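Next comes final_9.cif, with mmCIF, C-alpha atoms.
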```
data_start
loop_
_atom_site.label_atom_id
_atom_site.label_comp_id
_atom_site.auth_asym_id
_atom_site.auth_seq_id
_atom_site.Cartn_x
_atom_site.Cartn_y
_atom_site.Cartn_z
CA GLU A 1255 -46.88 -25.30 3.53
CA LYS A 1256 -49.96 -27.08 2.28
CA MET A 1257 -47.86 -30.10 1.52
CA ALA A 1258 -46.47 -30.09 5.02
CA SER A 1259 -49.94 -30.19 6.53
CA LYS A 1260 -51.28 -32.76 4.06
CA VAL A 1261 -48.44 -35.25 4.49
CA SER A 1262 -48.24 -35.66 8.23
CA VAL A 1263 -44.78 -36.92 9.06
CA VAL A 1264 -44.25 -38.36 12.53
CA LEU A 1265 -40.62 -37.65 13.29
CA ARG A 1266 -40.47 -39.70 16.47
CA PRO A 1267 -38.15 -42.44 15.13
CA VAL A 1268 -35.86 -39.87 13.50
CA LYS A 1269 -32.67 -38.86 15.27
CA SER A 1270 -31.32 -36.25 12.87
CA ILE A 1271 -31.84 -34.86 9.40
CA MET A 1272 -29.00 -33.36 7.35
CA VAL A 1273 -29.85 -31.36 4.25
CA ARG A 1274 -26.99 -30.47 1.96
CA PHE A 1275 -27.41 -28.34 -1.16
CA CYS A 1276 -25.77 -25.78 -3.35
CA PRO A 1277 -28.12 -22.81 -3.75
CA PHE A 1278 -26.63 -21.50 -6.98
CA GLU A 1279 -27.55 -24.73 -8.82
CA PRO A 1280 -30.88 -24.91 -10.68
CA ASN A 1281 -31.99 -28.30 -9.32
CA VAL A 1282 -32.33 -27.45 -5.63
CA GLU A 1283 -35.91 -26.20 -5.56
CA SER A 1284 -37.49 -29.44 -4.35
CA THR A 1285 -34.84 -29.92 -1.66
CA ARG A 1286 -35.32 -26.38 -0.40
CA LYS A 1287 -39.09 -26.88 -0.32
CA PHE A 1288 -38.54 -30.12 1.57
CA LEU A 1289 -36.45 -28.25 4.11
CA GLN A 1290 -39.17 -25.63 4.44
CA CYS A 1291 -41.81 -28.31 5.03
CA ILE A 1292 -39.66 -30.03 7.67
CA TYR A 1293 -39.53 -26.83 9.67
CA HIS A 1294 -43.33 -26.60 9.77
CA LYS A 1295 -44.67 -26.34 13.33
CA LYS A 1296 -46.78 -29.50 13.14
CA ILE A 1297 -43.89 -31.65 12.03
CA GLN A 1298 -41.47 -30.06 14.47
CA ALA A 1299 -43.98 -30.60 17.24
CA THR A 1300 -43.95 -34.39 16.72
CA ASN A 1301 -40.34 -34.61 17.79
CA THR A 1302 -38.44 -31.75 19.36
CA ASN A 1303 -35.29 -33.84 19.77
CA CYS A 1304 -34.79 -34.18 16.06
CA GLU A 1305 -31.86 -32.06 14.91
CA VAL A 1306 -32.15 -30.57 11.46
CA THR A 1307 -28.82 -29.34 10.09
CA THR A 1308 -28.44 -27.45 6.85
CA ASP A 1309 -25.20 -27.53 4.91
CA VAL A 1310 -24.98 -24.79 2.31
CA ARG A 1311 -22.10 -25.38 -0.10
CA HIS A 1312 -20.85 -23.93 -3.33
CA ASP A 1313 -19.13 -26.86 -5.01
CA GLY A 1314 -21.72 -27.87 -7.59
CA SER A 1315 -22.60 -31.02 -5.66
CA GLU A 1316 -26.08 -32.53 -5.84
CA PRO A 1317 -28.68 -31.80 -3.20
CA VAL A 1318 -28.84 -34.60 -0.63
CA VAL A 1319 -31.10 -35.29 2.33
CA ASP A 1320 -29.56 -37.62 4.90
CA VAL A 1321 -31.91 -38.95 7.59
CA MET A 1322 -30.56 -40.87 10.58
CA PHE A 1323 -33.10 -42.96 12.47
CA ALA A 1324 -32.99 -43.79 16.16
CA ASP A 1325 -32.48 -47.50 15.49
CA GLY A 1326 -29.40 -46.89 13.34
CA ASP A 1327 -31.03 -46.90 9.89
CA ARG A 1328 -30.09 -44.28 7.35
CA LEU A 1329 -32.14 -42.83 4.52
CA ILE A 1330 -30.31 -40.93 1.80
CA MET A 1331 -32.44 -39.06 -0.72
CA LYS A 1332 -30.80 -37.38 -3.70
CA GLY A 1333 -33.13 -34.50 -4.43
CA ALA A 1334 -31.82 -33.47 -7.82
CA HIS A 1335 -34.58 -35.29 -9.71
CA LEU A 1336 -37.12 -35.86 -6.95
CA THR A 1337 -40.15 -33.76 -6.11
CA THR A 1338 -40.87 -32.53 -2.61
CA GLY A 1339 -44.00 -34.65 -2.36
CA GLU A 1340 -42.09 -37.81 -3.22
CA MET A 1341 -39.43 -37.11 -0.62
CA LEU A 1342 -42.02 -36.32 2.04
CA THR A 1343 -44.07 -39.45 1.31
CA ALA A 1344 -40.97 -41.62 1.33
CA LEU A 1345 -39.92 -40.24 4.71
CA ALA A 1346 -43.49 -40.46 6.07
CA SER A 1347 -43.92 -44.08 5.03
CA ARG A 1348 -40.65 -45.15 6.63
CA CYS A 1349 -41.40 -43.21 9.81
CA ASN A 1350 -44.84 -44.78 10.10
CA ALA A 1351 -43.44 -48.25 9.54
CA LYS A 1352 -40.84 -47.77 12.26
CA ASP A 1353 -43.44 -46.28 14.59
CA LEU A 1354 -45.72 -49.30 14.13
CA LYS A 1355 -42.83 -51.65 14.78
CA GLU A 1356 -41.99 -49.83 17.98
CA GLU A 1357 -45.57 -49.84 19.16
CA GLN A 1358 -45.79 -53.58 18.55
CA LYS A 1359 -42.56 -54.09 20.46
CA ASN A 1360 -43.89 -52.04 23.36
CA LYS A 1361 -47.14 -53.97 23.34
CA LYS A 1362 -45.25 -57.25 23.48
CA LYS A 1363 -43.19 -55.98 26.41
CA ASN A 1364 -46.15 -54.67 28.37
CA PRO A 1365 -49.22 -56.81 27.59
CA VAL B 46 -104.82 -20.81 -2.88
CA PRO B 47 -108.13 -18.97 -2.98
CA VAL B 48 -110.17 -20.55 -5.68
CA PRO B 49 -112.85 -18.49 -7.35
CA VAL B 50 -116.15 -20.41 -7.07
CA LEU B 51 -119.39 -19.62 -8.92
CA VAL B 52 -122.33 -19.78 -6.56
CA LEU B 53 -125.93 -20.10 -7.68
CA SER B 54 -128.62 -19.78 -5.04
CA ALA B 55 -132.43 -20.14 -5.04
CA ALA B 56 -133.34 -16.87 -3.27
CA PRO B 57 -134.03 -14.24 -6.00
CA ALA B 58 -134.33 -11.13 -3.75
CA ALA B 59 -130.76 -10.85 -2.68
CA TRP B 60 -127.94 -11.58 -4.95
CA LEU B 61 -124.71 -13.26 -4.12
CA PRO B 62 -121.52 -12.11 -5.66
CA ALA B 63 -120.72 -13.90 -8.84
CA LEU B 64 -117.40 -14.98 -7.55
CA GLN B 65 -116.64 -16.05 -4.02
CA LEU B 66 -113.05 -16.40 -3.05
CA LEU B 67 -112.64 -19.63 -1.18
CA ARG B 68 -109.82 -20.08 1.31
CA ARG B 69 -108.09 -23.39 0.66
CA GLY B 70 -105.27 -24.18 3.01
CA SER B 71 -102.83 -21.24 3.52
CA LYS B 72 -102.81 -17.79 1.97
CA ALA B 73 -100.86 -16.67 -1.08
CA VAL B 74 -98.05 -15.08 0.89
CA THR B 75 -96.82 -17.40 3.62
CA ARG B 76 -93.91 -17.41 6.02
CA HIS B 77 -93.07 -21.04 5.21
CA TRP B 78 -92.03 -22.32 1.82
CA LYS B 79 -95.02 -23.17 -0.34
CA ALA B 80 -94.89 -25.29 -3.47
CA MET B 81 -95.83 -23.51 -6.66
CA HIS B 82 -99.08 -24.40 -8.29
CA PHE B 83 -98.48 -26.80 -11.16
CA GLN B 84 -99.94 -24.44 -13.73
CA ARG B 85 -97.74 -21.64 -12.49
CA GLN B 86 -94.74 -23.97 -12.67
CA LYS B 87 -95.54 -24.85 -16.27
CA LEU B 88 -96.00 -21.21 -17.21
CA LEU B 89 -92.69 -20.17 -15.70
CA ALA B 90 -90.89 -23.06 -17.35
CA LEU B 91 -92.27 -22.07 -20.72
CA THR B 92 -91.46 -18.43 -20.38
CA GLU B 93 -87.83 -18.85 -19.17
CA TYR B 94 -85.25 -16.49 -20.68
CA VAL B 95 -83.28 -18.03 -23.55
CA ARG B 96 -80.00 -16.23 -24.33
CA PRO B 97 -79.54 -15.27 -27.97
CA ARG B 98 -76.61 -17.33 -29.29
CA PRO B 99 -74.26 -15.93 -31.92
CA ALA B 100 -74.41 -17.59 -35.29
CA VAL B 101 -70.74 -18.59 -35.17
CA PRO B 102 -69.59 -19.96 -31.77
CA PRO B 103 -66.75 -17.80 -30.43
CA ARG B 104 -64.29 -20.72 -30.18
CA CYS B 105 -64.35 -21.01 -34.00
CA LEU B 106 -63.26 -17.41 -34.40
CA PRO B 107 -59.56 -16.44 -34.40
CA ARG B 108 -58.33 -15.76 -30.82
CA ARG B 109 -56.69 -12.44 -29.97
CA ALA B 110 -53.12 -12.54 -28.60
CA PRO B 111 -53.22 -12.67 -24.77
CA GLU B 112 -52.74 -9.17 -23.38
CA GLY B 113 -49.94 -8.49 -20.92
CA GLN B 114 -50.99 -8.98 -17.29
CA GLN B 115 -52.33 -5.91 -15.57
CA GLU B 116 -49.57 -4.39 -13.50
CA ASP B 117 -50.62 -4.55 -9.91
CA GLY B 118 -50.17 -1.27 -8.07
CA TYR B 119 -49.20 -3.10 -4.92
CA ALA B 120 -46.50 -5.03 -6.77
CA ARG B 121 -45.19 -1.75 -8.16
CA VAL B 122 -44.97 -0.26 -4.67
CA LEU B 123 -43.16 -3.33 -3.33
CA ARG B 124 -40.77 -3.27 -6.27
CA ARG B 125 -39.95 0.38 -5.64
CA GLN B 126 -39.32 -0.38 -1.97
CA VAL B 127 -36.94 -3.19 -2.85
CA GLU B 128 -35.11 -0.98 -5.35
CA GLN B 129 -34.68 1.71 -2.71
CA THR B 130 -33.37 -0.77 -0.13
CA LEU B 131 -30.92 -2.28 -2.60
CA ARG B 132 -29.64 1.09 -3.72
CA GLY B 133 -28.82 2.29 -0.22
CA SER B 134 -27.04 -0.79 1.09
CA ARG B 135 -23.47 -1.99 0.96
CA MET B 136 -24.27 -5.53 2.03
CA VAL B 137 -27.17 -7.63 0.74
CA ALA B 138 -27.45 -11.15 2.17
CA VAL B 139 -30.01 -13.68 0.96
CA CYS B 140 -31.25 -16.25 3.45
CA GLN B 141 -33.78 -19.03 3.21
CA TYR B 142 -36.57 -18.50 5.69
CA ASN B 143 -38.18 -21.57 7.22
CA SER B 144 -41.11 -20.81 9.48
CA LEU B 145 -40.27 -19.21 12.81
CA PRO B 146 -42.69 -18.38 15.60
CA GLU B 147 -43.50 -14.69 15.74
CA GLU B 148 -41.61 -13.90 18.94
CA ASP B 149 -38.50 -15.45 17.43
CA VAL B 150 -38.87 -13.30 14.34
CA ALA B 151 -39.15 -10.21 16.52
CA THR B 152 -36.09 -11.24 18.58
CA LEU B 153 -34.07 -11.92 15.44
CA ARG B 154 -35.06 -8.53 14.02
CA HIS B 155 -34.03 -6.89 17.29
CA PHE B 156 -30.62 -8.53 17.42
CA LEU B 157 -29.87 -7.74 13.80
CA ARG B 158 -31.06 -4.17 14.17
CA ARG B 159 -28.48 -3.73 16.93
CA HIS B 160 -25.76 -4.14 14.30
CA ASN B 161 -27.67 -1.94 11.85
CA ILE B 162 -28.89 -4.85 9.69
CA HIS B 163 -32.42 -4.52 8.31
CA VAL B 164 -34.55 -7.60 7.71
CA HIS B 165 -36.66 -7.44 4.56
CA PHE B 166 -39.25 -10.07 3.68
CA VAL B 167 -39.56 -10.41 -0.09
CA PHE B 168 -41.83 -12.00 -2.65
CA ASN B 169 -39.95 -13.80 -5.40
CA GLU B 170 -42.19 -12.50 -8.22
CA VAL B 171 -41.60 -8.94 -7.07
CA VAL B 172 -37.86 -9.25 -6.56
CA ARG B 173 -36.90 -11.19 -9.68
CA PRO B 174 -37.46 -8.41 -12.25
CA VAL B 175 -35.75 -5.89 -9.96
CA LEU B 176 -32.68 -8.08 -9.63
CA ALA B 177 -32.56 -8.97 -13.31
CA GLN B 178 -32.00 -5.32 -14.18
CA SER B 179 -29.65 -4.44 -11.36
CA LYS B 180 -26.09 -5.58 -10.75
CA TYR B 181 -27.25 -8.53 -8.59
CA ARG B 182 -28.09 -10.61 -11.65
CA ASN B 183 -26.13 -13.61 -10.45
CA LEU B 184 -28.14 -13.85 -7.26
CA LEU B 185 -31.26 -14.72 -9.30
CA PRO B 186 -31.05 -18.54 -8.89
CA LEU B 187 -31.17 -18.09 -5.12
CA PHE B 188 -34.72 -16.75 -5.17
CA VAL B 189 -36.73 -19.95 -4.93
CA CYS B 190 -38.97 -20.68 -1.93
CA ARG B 191 -39.33 -18.21 0.91
CA ASN B 192 -36.41 -15.85 1.32
CA ILE B 193 -35.48 -12.87 3.38
CA LEU B 194 -32.99 -10.15 2.59
CA LEU B 195 -30.63 -8.82 5.21
CA VAL B 196 -29.45 -5.42 4.08
CA SER B 197 -27.05 -3.08 5.76
CA PRO B 198 -25.22 0.14 4.85
CA GLN B 199 -22.11 -1.26 6.56
CA ALA B 200 -20.86 -4.84 6.29
CA PRO B 201 -21.06 -6.49 9.74
CA ALA B 202 -20.50 -10.02 8.53
CA ARG B 203 -19.13 -11.40 11.80
CA GLU B 204 -22.07 -10.23 13.90
CA MET B 205 -24.57 -11.39 11.31
CA LEU B 206 -23.04 -14.88 11.21
CA ARG B 207 -23.04 -15.04 14.99
CA VAL B 208 -26.74 -14.12 15.19
CA LEU B 209 -27.69 -16.50 12.40
CA LYS B 210 -25.81 -19.36 14.05
CA GLY B 211 -28.27 -19.15 16.90
CA VAL B 212 -31.24 -19.41 14.53
CA PRO B 213 -31.12 -22.74 12.66
CA GLN B 214 -34.30 -21.96 10.75
CA VAL B 215 -32.68 -19.16 8.74
CA ASN B 216 -30.01 -20.45 6.34
CA LEU B 217 -27.58 -18.02 4.73
CA LEU B 218 -27.39 -18.81 1.02
CA GLY B 219 -25.25 -16.04 -0.40
CA ALA B 220 -24.46 -12.37 -0.20
CA CYS B 221 -23.28 -9.42 -2.23
CA ILE B 222 -20.85 -7.28 -0.21
CA ASP B 223 -19.25 -4.23 -1.82
CA ASP B 224 -20.18 -5.31 -5.35
CA THR B 225 -18.70 -8.77 -4.81
CA ILE B 226 -20.96 -11.80 -4.90
CA LEU B 227 -20.01 -14.24 -2.16
CA SER B 228 -21.20 -17.70 -1.28
CA ARG B 229 -21.62 -18.82 2.33
CA GLN B 230 -17.94 -19.78 2.62
CA GLY B 231 -17.03 -16.45 1.10
CA VAL B 232 -19.00 -14.65 3.78
CA GLU B 233 -17.31 -16.70 6.50
CA ASN B 234 -13.86 -15.88 5.07
CA PHE B 235 -14.83 -12.25 4.79
CA ALA B 236 -15.86 -12.27 8.45
CA ARG B 237 -12.50 -13.73 9.41
CA LEU B 238 -10.61 -10.92 7.69
CA PRO B 239 -9.00 -8.36 10.02
CA SER B 240 -10.48 -4.87 10.17
CA LEU B 241 -9.61 -2.17 7.62
CA GLU B 242 -7.10 -0.38 9.86
CA ALA B 243 -5.31 -3.59 10.76
CA SER B 244 -5.07 -4.68 7.11
CA GLN B 245 -3.83 -1.19 6.11
CA GLY B 246 -1.16 -1.41 8.77
CA GLN B 247 -0.19 -4.87 7.51
CA THR B 248 0.12 -3.60 3.92
CA VAL B 249 2.26 -0.65 4.99
CA ALA B 250 4.48 -2.98 7.02
CA ALA B 251 4.84 -5.38 4.07
CA LEU B 252 5.76 -2.55 1.67
CA SER B 253 8.26 -1.01 4.01
CA LEU B 254 9.81 -4.39 4.84
CA LEU B 255 12.32 -4.28 1.99
CA SER B 256 13.45 -0.73 2.61
CA SER B 257 13.81 -1.43 6.32
CA GLN B 258 15.89 -4.50 5.48
CA THR B 259 18.14 -2.39 3.22
CA SER B 260 18.61 0.25 5.85
CA SER B 261 19.45 -2.34 8.51
CA LEU B 262 21.98 -3.93 6.08
CA LEU B 263 23.62 -0.59 5.46
CA GLN B 264 23.80 0.15 9.15
CA ARG B 265 25.24 -3.25 10.01
CA GLY B 266 28.88 -2.28 9.39
CA PRO B 267 29.01 0.92 11.43
CA ALA B 268 26.86 -0.66 14.16
CA HIS B 269 29.29 -3.56 14.42
CA LEU B 270 32.22 -1.11 14.60
CA THR B 271 30.48 0.92 17.32
CA ALA B 272 29.80 -2.21 19.37
CA LEU B 273 33.43 -3.32 19.09
CA LEU B 274 34.72 0.11 20.13
CA ASP B 275 32.37 0.14 23.11
CA GLN B 276 33.60 -3.24 24.21
CA HIS B 277 37.22 -2.08 23.81
CA ILE B 278 36.58 1.02 25.93
CA ARG B 279 34.95 -1.07 28.61
CA ARG B 280 37.90 -3.48 28.73
CA LEU B 281 40.40 -0.61 28.82
CA ARG B 282 38.41 1.05 31.59
CA ASP B 283 38.47 -2.18 33.61
CA THR B 284 42.23 -2.58 33.17
CA GLY B 285 42.79 1.19 33.43
CA ALA B 286 41.16 1.15 36.88
CA ALA B 287 44.37 -0.54 38.05
CA THR B 288 46.87 1.58 35.98
CA GLU B 289 45.07 4.86 35.39
CA PRO B 290 46.70 7.91 33.76
CA PRO B 291 48.99 6.79 30.86
CA LEU B 292 46.44 4.34 29.22
CA GLY B 293 43.61 6.90 29.70
CA GLN B 294 45.80 9.54 27.94
CA SER B 295 46.66 7.19 25.07
CA THR B 296 42.98 6.38 24.45
CA GLY B 297 42.19 10.10 24.72
CA ASP B 298 44.75 10.79 21.86
CA HIS B 299 42.91 8.32 19.59
#
```
What is this structure when it is put down as structure tokens?
Amino acid sequence: EKMASKVSVVLRPVKSIMVRFCPFEPNVESTRKFLQCIYHKKIQATNTNCEVTTDVRHDGSEPVVDVMFADGDRLIMKGAHLTTGEMLTALASRCNAKDLKEEQKNKKKNP
Amino acid sequence: VPVPVLVLSAAPAAWLPALQLLRRGSKAVTRHWKAMHFQRQKLLALTEYVRPRPAVPPRCLPRRAPEGQQEDGYARVLRRQVEQTLRGSRMVAVCQYNSLPEEDVATLRHFLRRHNIHVHFVFNEVVRPVLAQSKYRNLLPLFVCRNILLVSPQAPAREMLRVLKGVPQVNLLGACIDDTILSRQGVENFARLPSLEASQGQTVAALSLLSSQTSSLLQRGPAHLTALLDQHIRRLRDTGAATEPPLGQSTGDH
């Protein structure tokens, strides 16, 4: 919760987030925390069109976070050996970069 | 600060007090902050309390083994509550709880209560020792991050799945239904099973299938014979409608 408020993620350029994990495995804690942070009100408030789907399996597969951006890019994070903070900062940095790009594009269109 | 001043005067008849308190600036007790006189400051600094130090500093002495943490009464109460809920329930489902606005929590509780499912918010530190000693040992790895328990004395898996499908923030991780630990797919398969009466009927039908087959086999011969005789009678009747008595009598003899 604190992490979610410290790392402000702007989800505007994100189309959908898919989180897949296997809860009986021991390496899913960071992915589950990431999922919890994503559902924080501040982050959800930045983009209500973003669909967050959770896929709970039981096949011993690794936890994966699959982010689809509005411009077609895809970010796949394998959370087995990542911490929540790392995943959040990675997502935040990419979102901010895309946001800046869009703002520049809009500025060029409407000077 | 009133300063005592010695005053010597020329007039011998009257005498002036030996000391005359002079008013210099403000009084001793003021409403604003007043700086301490320098002499007073020095005196207080000199006479500050110095703690007596032990001869051997305590970090050089052998350390005692850390005592077990004090058992919190509140934790004990919560643990007892969880034990009671687990004992009296046939179905225990563990879900991950991502934050929901309060009205949504109340609505979810209402819809689940309709199917006699109780929502129980749990702390991991409280629940882990309870689970480790009970039969739900294998559900231990699920208790990371915020979780809720859905407990019920019956096992309404279908209704629970339907309600949870409408709430994306609560993810079903696993369940223990009738002493069987199930994953999410297991719960979905369990929900797809027919009801107890229907499955009992199916079992009875499957068991009696062989005997019914045998009986139908045994009856095949006589049934065939009966059908043939019926057909024969019908044909005779049709032809006997033209030539009645003698054929009717001959069939009567048989």
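Among A:Met1341, A:Val1310, A:Val1264, A:Cys1291, the residue with the shortest atom-to-atom distance to B:Cys140, counting only C-alpha atoms, is A:Val1310.
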Kindly provide, as a PDB file with C-alpha atoms, in the frame of the given file, the residues of chain A having any atom no farther than 10 Å from an atom of chain B, counting all atoms listed in the file.
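To be explicit, this is the file written out as part04.pdb:
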```pdb
ATOM      1  CA  GLU A1255     -46.880 -25.300   3.530  1.00  0.00           C
ATOM      2  CA  PHE A1275     -27.410 -28.340  -1.160  1.00  0.00           C
ATOM      3  CA  CYS A1276     -25.770 -25.780  -3.350  1.00  0.00           C
ATOM      4  CA  PRO A1277     -28.120 -22.810  -3.750  1.00  0.00           C
ATOM      5  CA  PHE A1278     -26.630 -21.500  -6.980  1.00  0.00           C
ATOM      6  CA  GLU A1279     -27.550 -24.730  -8.820  1.00  0.00           C
ATOM      7  CA  PRO A1280     -30.880 -24.910 -10.680  1.00  0.00           C
ATOM      8  CA  ASN A1281     -31.990 -28.300  -9.320  1.00  0.00           C
ATOM      9  CA  VAL A1282     -32.330 -27.450  -5.630  1.00  0.00           C
ATOM     10  CA  GLU A1283     -35.910 -26.200  -5.560  1.00  0.00           C
ATOM     11  CA  SER A1284     -37.490 -29.440  -4.350  1.00  0.00           C
ATOM     12  CA  ARG A1286     -35.320 -26.380  -0.400  1.00  0.00           C
ATOM     13  CA  LYS A1287     -39.090 -26.880  -0.320  1.00  0.00           C
ATOM     14  CA  LEU A1289     -36.450 -28.250   4.110  1.00  0.00           C
ATOM     15  CA  GLN A1290     -39.170 -25.630   4.440  1.00  0.00           C
ATOM     16  CA  CYS A1291     -41.810 -28.310   5.030  1.00  0.00           C
ATOM     17  CA  ILE A1292     -39.660 -30.030   7.670  1.00  0.00           C
ATOM     18  CA  TYR A1293     -39.530 -26.830   9.670  1.00  0.00           C
ATOM     19  CA  HIS A1294     -43.330 -26.600   9.770  1.00  0.00           C
ATOM     20  CA  LYS A1295     -44.670 -26.340  13.330  1.00  0.00           C
ATOM     21  CA  GLU A1305     -31.860 -32.060  14.910  1.00  0.00           C
ATOM     22  CA  VAL A1306     -32.150 -30.570  11.460  1.00  0.00           C
ATOM     23  CA  THR A1307     -28.820 -29.340  10.090  1.00  0.00           C
ATOM     24  CA  THR A1308     -28.440 -27.450   6.850  1.00  0.00           C
ATOM     25  CA  ASP A1309     -25.200 -27.530   4.910  1.00  0.00           C
ATOM     26  CA  VAL A1310     -24.980 -24.790   2.310  1.00  0.00           C
ATOM     27  CA  ARG A1311     -22.100 -25.380  -0.100  1.00  0.00           C
ATOM     28  CA  HIS A1312     -20.850 -23.930  -3.330  1.00  0.00           C
TER      29      HIS A1312
END
```
Notebook entry, point to check: Using all atoms listed in the file, which of B:Ala202, B:Leu153, B:Ala73, B:Val164 sits nearest B:Cys221?
Noted result: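 Distance minimum relative to B:Cys221 lands on B:Ala202.
Minimum atom-to-atom distance to A:Pro1317, evaluated using only C-alpha atoms, belongs to A:Thr1285 out of A:Ser1270, A:Thr1300, A:Thr1338, A:Thr1285.
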For this session: Tell me, as a ChimeraX atom specification, which residues lie within 8 Å of A:Asp1353, counting all atoms listed in the file; anything in the same chain fewer than 3 positions away does not count.
Result: /A:1266-1267,1349-1350,1356-1357
Evaluate the PyMOL selection byres ((chain B and resi 118-129) around 9) on the structure here and hand back the selected residues as a PDB file with C-alpha atoms, in the frame of the given file.
```
ATOM      1  CA  GLU B 116     -49.570  -4.390 -13.500  1.00  0.00           C
ATOM      2  CA  ASP B 117     -50.620  -4.550  -9.910  1.00  0.00           C
ATOM      3  CA  THR B 130     -33.370  -0.770  -0.130  1.00  0.00           C
ATOM      4  CA  LEU B 131     -30.920  -2.280  -2.600  1.00  0.00           C
ATOM      5  CA  ARG B 132     -29.640   1.090  -3.720  1.00  0.00           C
ATOM      6  CA  GLY B 133     -28.820   2.290  -0.220  1.00  0.00           C
ATOM      7  CA  SER B 134     -27.040  -0.790   1.090  1.00  0.00           C
ATOM      8  CA  HIS B 165     -36.660  -7.440   4.560  1.00  0.00           C
ATOM      9  CA  VAL B 167     -39.560 -10.410  -0.090  1.00  0.00           C
ATOM     10  CA  PHE B 168     -41.830 -12.000  -2.650  1.00  0.00           C
ATOM     11  CA  GLU B 170     -42.190 -12.500  -8.220  1.00  0.00           C
ATOM     12  CA  VAL B 171     -41.600  -8.940  -7.070  1.00  0.00           C
ATOM     13  CA  VAL B 172     -37.860  -9.250  -6.560  1.00  0.00           C
ATOM     14  CA  PRO B 174     -37.460  -8.410 -12.250  1.00  0.00           C
ATOM     15  CA  VAL B 175     -35.750  -5.890  -9.960  1.00  0.00           C
ATOM     16  CA  LEU B 176     -32.680  -8.080  -9.630  1.00  0.00           C
ATOM     17  CA  SER B 179     -29.650  -4.440 -11.360  1.00  0.00           C
TER      18      SER B 179
END
```
Taken to one decimal, the atom CA of B:Arg135-atom CA of B:Asp223 distance is 5.5 Å
Next item on the list: Record the distance separating atom CA of B:Ser253 and atom CA of B:His269, expressed in Å with one decimal.
Entry: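 Atom CA of B:His269 lies at a distance of 23.6 Å from atom CA of B:Ser253.
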Practice task
Please measure the separation of atom CA of A:Glu1340 and atom CA of B:Glu147, giving the value in Å to one decimal.
Solution key: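 Between these atoms lies a distance of 29.9 Å.
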